[in-house]
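Novice: Dumping the structure here so I can ask a few things about it.
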Amino acid sequence: MYKIIAEGTGPLFMDPDPDAARAFFRTKPRALAPKVMKVSQAVERFVHDGEYLAIGGFGANRIPTAICHEILRQNKKNLAFAGHTSTHDFQILAAGEAFDRCDIAYIIGLEARGLSAHARRYMESGKVESCEWTNYAMACRLKAAAMGVSFVPARNVLGTDTFIRSAAKIVECPFTGKQFVLFPALWPDVSAIHVHESDIYGNCRLKGISIADLELARASKHLIITCERLVHNDEIRSDPSATVIPYFLVDAVCEVPFGSYPGNMPYEYYSDEVHLREWLNVEKDEEQFREFLDKYIYSVKDFTQYLELCGGIQRINELRAQEHLIEVE
Amino acid sequence: MYKIIAEGTGPLFMDPDPDAARAFFRTKPRALAPKVMKVSQAVERFVHDGEYLAIGGFGANRIPTAICHEILRQNKKNLAFAGHTSTHDFQILAAGEAFDRCDIAYIIGLEARGLSAHARRYMESGKVESCEWTNYAMACRLKAAAMGVSFVPARNVLGTDTFIRSAAKIVECPFTGKQFVLFPALWPDVSAIHVHESDIYGNCRLKGISIADLELARASKHLIITCERLVHNDEIRSDPSATVIPYFLVDAVCEVPFGSYPGNMPYEYYSDEVHLREWLNVEKDEEQFREFLDKYIYSVKDFTQYLELCGGIQRINELRAQEHLIEVE
Amino acid sequence: MADYNVMEMMITAAARNLEDGASVGVGTGAPCAAAMLAQKTHAPNLVVLFEAGGVSPQLPTMPISVGDSRTTYKALMASGMCEIMETCQRGMVDYCFLGGAQIDKFGNLNSTVIGDWAHPKVRFPGSGGANDFASFCWKIMVITPQDARRFVEKVDFITSPGYLGGPGSREAAGLAAGTGPFKVITDLAVMGFDEETKQMRVESLHHGVTFDQVQENTSFQLLKAPEIAETLPPTAEELRILREEVDPHKYIIGR
Amino acid sequence: MADYNVMEMMITAAARNLEDGASVGVGTGAPCAAAMLAQKTHAPNLVVLFEAGGVSPQLPTMPISVGDSRTTYKALMASGMCEIMETCQRGMVDYCFLGGAQIDKFGNLNSTVIGDWAHPKVRFPGSGGANDFASFCWKIMVITPQDARRFVEKVDFITSPGYLGGPGSREAAGLAAGTGPFKVITDLAVMGFDEETKQMRVESLHHGVTFDQVQENTSFQLLKAPEIAETLPPTAEELRILREEVDPHKYIIGR
């Protein structure tokens, strides 16, 4: 009656045991303590070679670009990565060859903009062990972890090669006799999410779509927040309904204005399509791409300097106008 | 390896088959159409004898009191009821003996206020078939339905009589070999939820805790919304991040200011402890209780008249002051 | 007859399949243009959902990403990925639009790899939300150029399920009852699926196109609908709306 | 020694078990008062969660309901039931407070029925969130009056799990490793659980109470801790805070 019907053949990069996760979360501090630090400190302290990393946002929207750059600068290696609706963040991390294992839902592409030549080369190089999922499958894996259980059932991937190359399992439902796929919980070692507002403790607000970030925040063992702006704790307490990530999930808070650049930040600034196009173009030539990375990431001190290189306040102002559909002469 | 370890002995009042639910949802209208109607019309059209009913809110907080009263006035019978964090709403429906099947998580009591004598008599009378759950178990059942799957796993009820008297099943996790309880999906035929604001189509906002109402809204086949106030659709579109229930889940929108009275409505008015105490006191004597119900519900035309009986605007103003912690001389 | 290009033909043909009051999960590009055109013509009550969370925006311009801020401009709700996908999984979403590097006669789609999965000739982005939409929504629509390397006998990798191995396969695999591919709209024709065999069949040919031409650009044997019509070309009014309101910058139709 | 009543003693004893920086799921009444007292004395960083969704409010008065608006007054987050219960299920919540009509030597709690479930002598509210908290939180605390009808050999119905049948039972049933009853605080004593047998044992007696008195009010054999201390009575400062700041209207301590 209740049996395993099929098992995916893909590798499971993380242990889906909720008791192992609980043992970690038992020790995670709950006290309301200030966590503001520099991006470089956050990456130093919470991103370690060999660990499993996930990045919030969707595509190039509301992504913690500064964290991705810093991971390259600090030359982090052998990470496992959640390639979940991952576009520009994936492109950056692939540029640094920071990961060697990848859960794939959507990678390489930048949606309507085209494919990243370098990310594709890297994924075709044989250097990366991978496992196939879907966007919702990865969201389910994070949801299971956020719930504190080892799996969540769904009705996708059934009958496809996506299932065969996943690490999911198909079982018969004991209530209906129907087949469901079970997605194993994923507790990333560390994640980074960019939000609109946070207080110094990590109580966060965001506007617009939340994508899978609320699940991700709850699933992650360590969580780095970058925010457009810090707000006072009194402001958070004045409207607790607006808090979407509570501080006790958060390990580091970094104020990074325009931190989703060159991606889009809803209600703040639109994506810089010119700069993103430059990435895609320059990737076609490996030598040129190395120079480009050196100029924009490796030789750069911090995110502010990167913004200056990309046109500084004037460019940001143009993107702010674009976001608000204002025609500037 | 993967087996059913134990099965609860309780009755399952609703079919947990997601294809049956999908067949219904396929036919549910999606067009943006006005749905404003009177409470009496909403109950006439969407609450039918014998169906499964759920009520939003928690305890006496943010409950759609007007719908509960109207169910009594229209003498609805043989309902099945989701006794999920149900206090004053349960008390009202038990007063009308409107249900004869009950999924129990929390019933009879009014939290710190004490127990409802009549609701207890009714539940001890043998007239109600019941099944035991917990608050989170019921939330999981609604979550499974909201997800469109037939079950959700959890780690509660294990080892207890609560499990034995439930309709849940315990299985071995195919990933970890550990035991999990699976809670079957619950798609109520009809639910009523009270919110702060809705537009005429049913796009809803609320402030303060959401309890299990977001899951309930998505799980319900039919959904009646009562709201403190109608707002224009332009207002909804001006801040889409604030919408928590989209219109296509909603069948009826009833504007009922002070609609959670005598319960608490966060940011609006506090609970009327005097009136709730009167309910608890008068229930001790069955004859007195009949007169009380006749006075406050059966002889009353609508919710506005009920509010007048309870002290009208002056009483409401007192409760508004209490909510905002303002001492009025 | 008005002058129009193949992209305009494809978008128009897609739009006409979206009836008023239906719901559709869309991506960027042609599907989004089709949904917008439908809303501005016969289907003002078409409900548009974006997988990243946007519900019923009043799109001011074409989004570049299915998660960019255009997808929630004056929207009714800005939610999340689970919200959208679970709305689909519950059976509330009628249509979705998909694409892919390969499609077979059962409408199975490949957007993962060309060649062997473990040692791919070409690596593509993977499912994204495609498998999810293809599994959950009632009717799958595909807009794609028609050529023999794309329309193949067997896809190298089934990323997203069509009718899998044929009649009954979706149900046997556990996919929701009554779902599956509905229309495939190309630069040459509109194809549907034979009810008995679940195989792709030509239902209408665009102006000036012959069945043999379509077959030449397809590596499997195409079936024929009982009657093969000429695809109705875009009307002048449809073209005006498409060019002036839906895609004034010609991001999609200009190609 | 300050003058105080048993409720003040119980609340104070409970508060002292909540260390700074811990998290606790509380209900209305004494547990809430204990958490507030702890915050205002030795545990300013105690994280208070209410099952209906409130996180870390600055409680202006005692809530009447665990979901009323006091539970989110100047709170850090107003969330929902799944948010709170899943925070517990993930292992982020250290303590919870429970009550019940019956408790046995293993700390199993009954808040469902007295008598046979199918034909109850008395029907109670049921689990509510009690079973959830008891399953998910690391340490269960119980505040309850001690009498022989309440402290029974075998509860009529296990609503919420204590150590079930004894050592290893929770783990065998699939409950999270390392969880279980921690303290039972009554009007007479503070009890813990023997590590070997998982049975209730007296750890401290309130001023003027003997072990025999506690045993007389208990229907099962109580164990004794290696050393039984006298429960430290409330200090003058604790009483002042409790009476002036935590419960000035004496809703809880006045009874």
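Following the order of the structure tokens, chains are lettered A, B, ..., residues in each are numbered from 1, and ligands are numbered from 1.
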Determine which residues of chain D sit within 12 Å of chain A, taking into account only C-alpha atoms, and present them as a ChimeraX atom specification.

Specialist: /D:19-24,39,43-49,53-59,69,71-95,136-139,171,174-179

Novice: Region 167-177 of chain A: which residues within 7 Å, counting only C-alpha atoms, same-chain residues fewer than 3 positions away excluded, as a list in words?

Specialist: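 Result of the neighbour search: Met1, Tyr2, Lys3, Ile4, Ile5, Ala6, Glu7, Gly8, Thr9, Gly10, Pro11, Leu12, Phe163, Phe180, Val181, Leu182, Phe183 and Pro184 of chain A; Asp17 of chain B.
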
Novice: To one decimal in Å, tell me the separation between CA of Tyr267 (chain A) and CA of Arg113 (chain A).

Specialist: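 The value is 21.7 Å.
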
Novice: Residues of region 136-177 of chain D that approach region 182-194 of chain D to 9 Å or less, counting only C-alpha atoms: could you list each one with the shortest pair of atoms and its distance in Å to one decimal, rows by chain and increasing residue number, as CSV?

Specialist:
```
residue,atom,partner,partner_atom,distance
D:Trp138,CA,D:Phe182,CA,8.8
D:Lys139,CA,D:Phe182,CA,5.3
D:Ile140,CA,D:Phe182,CA,5.2
D:Met141,CA,D:Lys183,CA,4.9
D:Val142,CA,D:Val184,CA,4.6
D:Ile143,CA,D:Ile185,CA,4.8
D:Thr144,CA,D:Thr186,CA,5.1
D:Pro145,CA,D:Thr186,CA,5.0
D:Gln146,CA,D:Thr186,CA,5.5
```

Novice: Apply DSSP to the backbone of this structure and, from region 46-158 of chain C, keep only the residues in strand (DSSP E); write these as a list in words.

Specialist: Val47, Val48, Leu49, Phe50, Gly54, Val55, Met77, Ala78, Tyr95, Cys96, Phe97, Leu98, Gln102, Ile103, Leu109, Asn110, Val113, Ile114, Gly115, Pro120, Lys121, Val122, Arg123, Lys139, Ile140, Met141, Val142 and Ile143 of chain C

Novice: Quick one: pick out all helix (DSSP H, G or I) residues within region 29-263 of chain A from a backbone DSSP run and write them as a ChimeraX atom specification.

Specialist: /A:39-46,65-73,88-95,117-124,135-147,161-164,213-219,233-238,240-242,247-249

Novice: Fewer than 3 positions away in the same chain doesn't count, so skip those; otherwise give me all residues within 7 Å of region 312-327 of chain A, counting only C-alpha atoms, as a PyMOL selection string.

Specialist: chain A and resi 267-272+307-309
